[in-house]
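First up is the structure itself, then whatever we jot down about it.
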Amino acid sequence: MIWRKIICSVLAALLVLTSVPVAAQDVTTTTPGLQLNQVETILYGAPKEGSLIPRIEQAERDVLGQVQIDGGSIIARIDNLLRVVGGIASGSSLLMRLNSLEWMTFQEVTYGQPLMRRIETLERAFYGEISRDSVSQRIARLSRDIWGSEQIHIARKQVPAETTLRISLLTEINSGSMKPGDAVRYKVTETLRLENTILIPAGTQGVGTVMEVRQAGPLGRDGLVTIDWGYVTAIDGTQVKVTIGAAATERNQHSAELAAGAAMAGVILLGPIGLAAGALVPGKEHVIPVGTQFYAEVAEAVNINGLSLVPVN
């Protein structure tokens with residue numbers, strides 16, 4: 001019983017990677033160039049180089065199958081591309097449909113990879129070859145074959161604040177080598193669903209930022225890393241703030257499946273040092289290895305257009 005209390009205390013200290021809630025990334029862009037950059041990043045993984053018109057035409061051919069000659073102004077054409085590819089409001093963007101298809105096939109999504117590459121992975125899995133049709137046509141075909149319809153069922157749900165998410169580190173946290181501004185990548189390892197609606201699928205990645213680092217020092221002073229956990233992206237593209245607060249800490253402390261990992265981490269990080277020994281023994285660096293799993297939580301309530309696994313009127 002004593003050891004369990006020690007383990008819980010160690011995990012609580014471990015997760016005082018002290019979480020600093022901040023605003024989610026603002027993905028709203030205002031200028032045509034920035035909006036086109038966003039479209040190209042979703043499609044190809046990074047913005048293209050060159051002038052706007054050729055880039056718009058290439059994106060239109062890839063997404064819609066043809067250049068939208070009568071699409072109106074440059075701003076209108078880019079707005080349309082952004083809405084079709086990644087629009088959050090309707091919940092029926094190509095990105096959400098692809099997220100849904102990927103989750104239904106693999107039970108996780110591969111956020112972070114370009115949309116074009118993700119489509120190719122699905123096509124190879126089902127057809128053994130890559131289509132040369134437009135993105136819209138390819139996703140429509142995959143939808144018919146996987147889902148049975150070109151349309152998916154969408155249900156809008158509110159995720160309450162303090163809803164917990166199980167995450168896994170993709171970046172080692174090390175007070176001996178990190179500096180403020182460093183990125184800390186992680187991914188969701190268990191799908192968040194409410195009432196048969198998929199809201200934040202497994203595989204979704206988030207990026208935190210190191211805010212403060214204190215290296216280990218004399219007199220038994222252990223290292224410390226303070227992290228702003230940033231956000232994760234929901235299935236419809238909504239940015240969801242993530243933190244480690246009371247709800248996540250409570251669940252971590254009482255999670256039997258994570259206790260062994262916490263105990264191992266505690267040996268590295270926070271070995272008990274008595275007052276007398278503290279004057280002679282240097283502190284230990286704060287090190288949490290890649291693959292460490294623990295719970296974080298939704299920082300504030302958020303509405304998401306989720307994938308409903310049952311028909312919705």
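Ligands are numbered from 1 in the order shown, chains are lettered A, B, ... in the order of the structure tokens, and residues start at 1 in each chain.
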
ask   = Which neighbours of A:Gly112 fall inside 10 Å, counting only C-alpha atoms, when residues of the same chain fewer than 5 positions from it are skipped, and could you give them as number ranges by chain?
value = A: 41-42, 45, 118, 203-206

Give me the stretch 99-216 of chain A side of the contact with stretch 285-297 of chain A, cut-off 7 Å, one line per residue showing its nearest atom pair and distance in Å at one decimal, counting only C-alpha atoms, sorted by chain and residue number, as a tab-separated table.
```
residue	atom	partner	partner_atom	distance
A:Glu162	CA	A:Glu297	CA	5.1
A:Thr163	CA	A:Glu297	CA	5.3
A:Thr164	CA	A:Glu297	CA	4.1
A:Leu165	CA	A:Ala296	CA	5.2
A:Arg166	CA	A:Tyr295	CA	4.5
A:Ile167	CA	A:Gln293	CA	5.6
A:Ser168	CA	A:Gln293	CA	4.3
A:Leu169	CA	A:Gly291	CA	5.1
A:Leu170	CA	A:Val290	CA	5.2
A:Thr171	CA	A:Val290	CA	5.4
A:Glu172	CA	A:Pro289	CA	4.7
A:Ile173	CA	A:Ile288	CA	5.0
A:Asn174	CA	A:Val287	CA	4.4
A:Ser175	CA	A:His286	CA	5.0
A:Gly176	CA	A:Glu285	CA	5.8
A:Gln215	CA	A:Glu285	CA	6.4
A:Ala216	CA	A:Glu285	CA	5.1
```

For N, CA and C atoms, I'd like the residues from the last selection saved as a PDB file, in the first residue's frame.
```pdb
ATOM      1  N   GLU A 162     -12.270  18.735 -19.133  1.00  0.00           N
ATOM      2  CA  GLU A 162     -11.728  17.702 -18.249  1.00  0.00           C
ATOM      3  C   GLU A 162     -11.967  16.291 -18.770  1.00  0.00           C
ATOM      4  N   THR A 163     -12.489  16.151 -20.002  1.00  0.00           N
ATOM      5  CA  THR A 163     -12.562  14.824 -20.613  1.00  0.00           C
ATOM      6  C   THR A 163     -11.132  14.337 -20.845  1.00  0.00           C
ATOM      7  N   THR A 164     -10.812  13.131 -20.389  1.00  0.00           N
ATOM      8  CA  THR A 164      -9.430  12.672 -20.459  1.00  0.00           C
ATOM      9  C   THR A 164      -9.114  11.999 -21.791  1.00  0.00           C
ATOM     10  N   LEU A 165      -7.863  12.143 -22.204  1.00  0.00           N
ATOM     11  CA  LEU A 165      -7.334  11.538 -23.421  1.00  0.00           C
ATOM     12  C   LEU A 165      -6.078  10.758 -23.059  1.00  0.00           C
ATOM     13  N   ARG A 166      -5.990   9.537 -23.544  1.00  0.00           N
ATOM     14  CA  ARG A 166      -4.750   8.783 -23.319  1.00  0.00           C
ATOM     15  C   ARG A 166      -3.776   9.112 -24.443  1.00  0.00           C
ATOM     16  N   ILE A 167      -2.577   9.528 -24.067  1.00  0.00           N
ATOM     17  CA  ILE A 167      -1.598   9.941 -25.064  1.00  0.00           C
ATOM     18  C   ILE A 167      -0.275   9.212 -24.853  1.00  0.00           C
ATOM     19  N   SER A 168       0.545   9.217 -25.894  1.00  0.00           N
ATOM     20  CA  SER A 168       1.865   8.587 -25.855  1.00  0.00           C
ATOM     21  C   SER A 168       2.886   9.570 -26.399  1.00  0.00           C
ATOM     22  N   LEU A 169       4.015   9.687 -25.724  1.00  0.00           N
ATOM     23  CA  LEU A 169       5.047  10.625 -26.147  1.00  0.00           C
ATOM     24  C   LEU A 169       5.751  10.150 -27.408  1.00  0.00           C
ATOM     25  N   LEU A 170       5.942  11.070 -28.347  1.00  0.00           N
ATOM     26  CA  LEU A 170       6.739  10.810 -29.543  1.00  0.00           C
ATOM     27  C   LEU A 170       8.087  11.528 -29.461  1.00  0.00           C
ATOM     28  N   THR A 171       8.264  12.336 -28.417  1.00  0.00           N
ATOM     29  CA  THR A 171       9.497  13.081 -28.185  1.00  0.00           C
ATOM     30  C   THR A 171       9.968  12.804 -26.767  1.00  0.00           C
ATOM     31  N   GLU A 172      11.234  12.503 -26.588  1.00  0.00           N
ATOM     32  CA  GLU A 172      11.770  12.351 -25.240  1.00  0.00           C
ATOM     33  C   GLU A 172      11.787  13.696 -24.533  1.00  0.00           C
ATOM     34  N   ILE A 173      11.377  13.686 -23.289  1.00  0.00           N
ATOM     35  CA  ILE A 173      11.456  14.887 -22.455  1.00  0.00           C
ATOM     36  C   ILE A 173      12.678  14.744 -21.566  1.00  0.00           C
ATOM     37  N   ASN A 174      13.599  15.700 -21.661  1.00  0.00           N
ATOM     38  CA  ASN A 174      14.875  15.578 -20.955  1.00  0.00           C
ATOM     39  C   ASN A 174      15.319  16.959 -20.491  1.00  0.00           C
ATOM     40  N   SER A 175      15.331  17.158 -19.188  1.00  0.00           N
ATOM     41  CA  SER A 175      15.715  18.469 -18.655  1.00  0.00           C
ATOM     42  C   SER A 175      17.187  18.768 -18.886  1.00  0.00           C
ATOM     43  N   GLY A 176      17.984  17.733 -19.199  1.00  0.00           N
ATOM     44  CA  GLY A 176      19.403  17.939 -19.428  1.00  0.00           C
ATOM     45  C   GLY A 176      19.732  18.439 -20.816  1.00  0.00           C
ATOM     46  N   GLN A 215      17.682  22.542 -15.130  1.00  0.00           N
ATOM     47  CA  GLN A 215      18.550  21.382 -15.093  1.00  0.00           C
ATOM     48  C   GLN A 215      18.820  20.957 -13.660  1.00  0.00           C
ATOM     49  N   ALA A 216      19.191  19.694 -13.518  1.00  0.00           N
ATOM     50  CA  ALA A 216      19.527  19.179 -12.193  1.00  0.00           C
ATOM     51  C   ALA A 216      20.717  19.953 -11.632  1.00  0.00           C
TER      52      ALA A 216
END
```

message = Residues within 8 Å of A:Arg141, please, as a PyMOL selection string. Count only C-alpha atoms; anything in the same chain fewer than 4 positions from it doesn't count.
response = chain A and resi 137+145+150

inquiry  = So that I can check the secondary structure, give me every residue of stretch 51-131 of chain A assigned alpha helix (DSSP H) by backbone DSSP, as a VMD selection string.
reply    = chain A and resid 52 to 64 74 to 86 94 to 106 115 to 127

Generate a file of the selected residues that holds N, CA and C atoms, formatted as a short mmCIF file (atom, residue, chain, number, x, y, z; two decimals), in the first residue's frame.
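The new file again.cif reads:
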```cif
data_model
loop_
_atom_site.label_atom_id
_atom_site.label_comp_id
_atom_site.auth_asym_id
_atom_site.auth_seq_id
_atom_site.Cartn_x
_atom_site.Cartn_y
_atom_site.Cartn_z
N LEU A 52 0.48 32.78 -57.47
CA LEU A 52 -0.78 32.24 -56.98
C LEU A 52 -1.60 31.50 -58.04
N ILE A 53 -1.76 32.09 -59.23
CA ILE A 53 -2.67 31.50 -60.21
C ILE A 53 -2.29 30.06 -60.59
N PRO A 54 -1.03 29.78 -60.97
CA PRO A 54 -0.69 28.39 -61.29
C PRO A 54 -0.89 27.43 -60.12
N ARG A 55 -0.64 27.92 -58.92
CA ARG A 55 -0.83 27.07 -57.74
C ARG A 55 -2.31 26.78 -57.51
N ILE A 56 -3.14 27.80 -57.67
CA ILE A 56 -4.59 27.60 -57.53
C ILE A 56 -5.08 26.59 -58.55
N GLU A 57 -4.64 26.73 -59.79
CA GLU A 57 -5.09 25.83 -60.86
C GLU A 57 -4.66 24.40 -60.60
N GLN A 58 -3.43 24.21 -60.09
CA GLN A 58 -2.96 22.86 -59.78
C GLN A 58 -3.80 22.24 -58.68
N ALA A 59 -4.08 23.02 -57.63
CA ALA A 59 -4.90 22.50 -56.53
C ALA A 59 -6.31 22.16 -57.01
N GLU A 60 -6.87 23.01 -57.88
CA GLU A 60 -8.22 22.74 -58.40
C GLU A 60 -8.22 21.45 -59.23
N ARG A 61 -7.20 21.26 -60.07
CA ARG A 61 -7.15 20.03 -60.86
C ARG A 61 -7.03 18.81 -59.96
N ASP A 62 -6.19 18.90 -58.92
CA ASP A 62 -5.98 17.76 -58.03
C ASP A 62 -7.23 17.45 -57.20
N VAL A 63 -7.91 18.50 -56.75
CA VAL A 63 -9.06 18.31 -55.85
C VAL A 63 -10.36 18.09 -56.61
N LEU A 64 -10.62 18.94 -57.60
CA LEU A 64 -11.91 18.97 -58.27
C LEU A 64 -11.91 18.33 -59.66
N ILE A 74 -9.94 35.37 -57.31
CA ILE A 74 -8.92 34.53 -56.68
C ILE A 74 -9.33 34.16 -55.26
N ILE A 75 -9.82 35.17 -54.54
CA ILE A 75 -10.22 34.92 -53.15
C ILE A 75 -11.35 33.89 -53.09
N ALA A 76 -12.33 34.02 -53.97
CA ALA A 76 -13.46 33.08 -53.97
C ALA A 76 -13.00 31.66 -54.29
N ARG A 77 -12.08 31.53 -55.24
CA ARG A 77 -11.60 30.21 -55.64
C ARG A 77 -10.82 29.54 -54.50
N ILE A 78 -9.98 30.32 -53.82
CA ILE A 78 -9.22 29.76 -52.70
C ILE A 78 -10.16 29.41 -51.54
N ASP A 79 -11.13 30.30 -51.28
CA ASP A 79 -12.12 30.01 -50.23
C ASP A 79 -12.83 28.69 -50.51
N ASN A 80 -13.19 28.48 -51.77
CA ASN A 80 -13.89 27.26 -52.14
C ASN A 80 -13.00 26.03 -51.92
N LEU A 81 -11.73 26.14 -52.32
CA LEU A 81 -10.81 25.03 -52.10
C LEU A 81 -10.66 24.72 -50.61
N LEU A 82 -10.52 25.77 -49.80
CA LEU A 82 -10.35 25.56 -48.37
C LEU A 82 -11.59 24.93 -47.76
N ARG A 83 -12.76 25.35 -48.20
CA ARG A 83 -14.00 24.78 -47.68
C ARG A 83 -14.13 23.30 -48.08
N VAL A 84 -13.85 23.01 -49.35
CA VAL A 84 -13.99 21.63 -49.83
C VAL A 84 -12.97 20.70 -49.17
N VAL A 85 -11.74 21.18 -49.05
CA VAL A 85 -10.67 20.31 -48.53
C VAL A 85 -10.73 20.18 -47.02
N GLY A 86 -10.82 21.30 -46.32
CA GLY A 86 -10.68 21.21 -44.87
C GLY A 86 -11.69 21.98 -44.07
N LEU A 94 -13.46 17.06 -47.42
CA LEU A 94 -12.70 15.89 -47.87
C LEU A 94 -11.80 15.37 -46.75
N LEU A 95 -11.25 16.29 -45.97
CA LEU A 95 -10.37 15.87 -44.88
C LEU A 95 -11.12 15.05 -43.84
N MET A 96 -12.33 15.49 -43.47
CA MET A 96 -13.09 14.72 -42.49
C MET A 96 -13.50 13.37 -43.06
N ARG A 97 -13.91 13.35 -44.32
CA ARG A 97 -14.31 12.08 -44.92
C ARG A 97 -13.13 11.12 -44.99
N LEU A 98 -11.94 11.64 -45.30
CA LEU A 98 -10.76 10.79 -45.33
C LEU A 98 -10.42 10.31 -43.93
N ASN A 99 -10.49 11.19 -42.94
CA ASN A 99 -10.26 10.77 -41.55
C ASN A 99 -11.19 9.63 -41.17
N SER A 100 -12.46 9.75 -41.56
CA SER A 100 -13.46 8.75 -41.23
C SER A 100 -13.15 7.42 -41.91
N LEU A 101 -12.80 7.48 -43.20
CA LEU A 101 -12.47 6.26 -43.94
C LEU A 101 -11.24 5.58 -43.36
N GLU A 102 -10.26 6.38 -43.02
CA GLU A 102 -9.02 5.83 -42.46
C GLU A 102 -9.29 5.17 -41.11
N TRP A 103 -10.10 5.84 -40.28
CA TRP A 103 -10.41 5.26 -38.97
C TRP A 103 -11.19 3.96 -39.13
N MET A 104 -12.16 3.94 -40.05
CA MET A 104 -12.96 2.73 -40.23
C MET A 104 -12.11 1.57 -40.77
N THR A 105 -11.05 1.90 -41.48
CA THR A 105 -10.19 0.86 -42.05
C THR A 105 -9.13 0.39 -41.07
N PHE A 106 -8.45 1.33 -40.42
CA PHE A 106 -7.29 1.00 -39.59
C PHE A 106 -7.51 1.24 -38.10
N LEU A 115 -2.58 14.68 -47.26
CA LEU A 115 -3.82 14.04 -47.66
C LEU A 115 -3.61 13.14 -48.88
N MET A 116 -2.82 13.58 -49.85
CA MET A 116 -2.59 12.79 -51.05
C MET A 116 -1.94 11.45 -50.72
N ARG A 117 -0.98 11.47 -49.82
CA ARG A 117 -0.30 10.22 -49.44
C ARG A 117 -1.23 9.29 -48.68
N ARG A 118 -2.10 9.86 -47.85
CA ARG A 118 -3.02 9.04 -47.09
C ARG A 118 -4.02 8.33 -48.00
N ILE A 119 -4.47 9.05 -49.05
CA ILE A 119 -5.37 8.43 -50.02
C ILE A 119 -4.67 7.27 -50.73
N GLU A 120 -3.42 7.48 -51.10
CA GLU A 120 -2.67 6.43 -51.78
C GLU A 120 -2.55 5.18 -50.92
N THR A 121 -2.33 5.36 -49.62
CA THR A 121 -2.23 4.22 -48.70
C THR A 121 -3.52 3.42 -48.69
N LEU A 122 -4.66 4.12 -48.62
CA LEU A 122 -5.95 3.42 -48.65
C LEU A 122 -6.17 2.71 -49.98
N GLU A 123 -5.84 3.37 -51.07
CA GLU A 123 -6.04 2.75 -52.40
C GLU A 123 -5.18 1.51 -52.57
N ARG A 124 -3.95 1.56 -52.11
CA ARG A 124 -3.10 0.37 -52.20
C ARG A 124 -3.67 -0.77 -51.38
N ALA A 125 -4.21 -0.42 -50.18
CA ALA A 125 -4.77 -1.46 -49.31
C ALA A 125 -5.99 -2.13 -49.93
N PHE A 126 -6.82 -1.37 -50.64
CA PHE A 126 -8.06 -1.91 -51.18
C PHE A 126 -7.95 -2.36 -52.64
N TYR A 127 -7.23 -1.60 -53.45
CA TYR A 127 -7.22 -1.87 -54.88
C TYR A 127 -5.88 -2.35 -55.42
#
```

ask   = In Å, how far is it from atom CA of A:Ala234 to atom CA of A:Gly65?
value =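 The value is 27.6 Å.
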
Computed interatomic separation between atom CA of A:Leu36 and atom CA of A:Arg132 (Å) = 22.4 Å

task = Kindly indicate which residue among A:Asn305, A:Ser51, A:Thr30, A:Ser73 lies nearest to A:Arg156, using only C-alpha atoms for the distances.
result =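 Answer, going by the shortest atom-to-atom distance: A:Asn305.
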
query = If you measure from atom CA of A:Ala248 to atom CA of A:Thr197, what distance in Å do you get, rounded to one decimal?
reply = 22.1 Å

message = Just checking: using only C-alpha atoms, which residue out of A:Lys241, A:Arg193, A:His153, A:His254 ends up closest to A:Ala299?
response = A:Lys241

request  = Looking only at strand (DSSP E) from DSSP on the backbone, list the matching residues of stretch 81-206 of chain A as a PyMOL selection string.
outcome  = chain A and resi 154-159+164-169+173-174+183-188+192-194+197-200+205-206
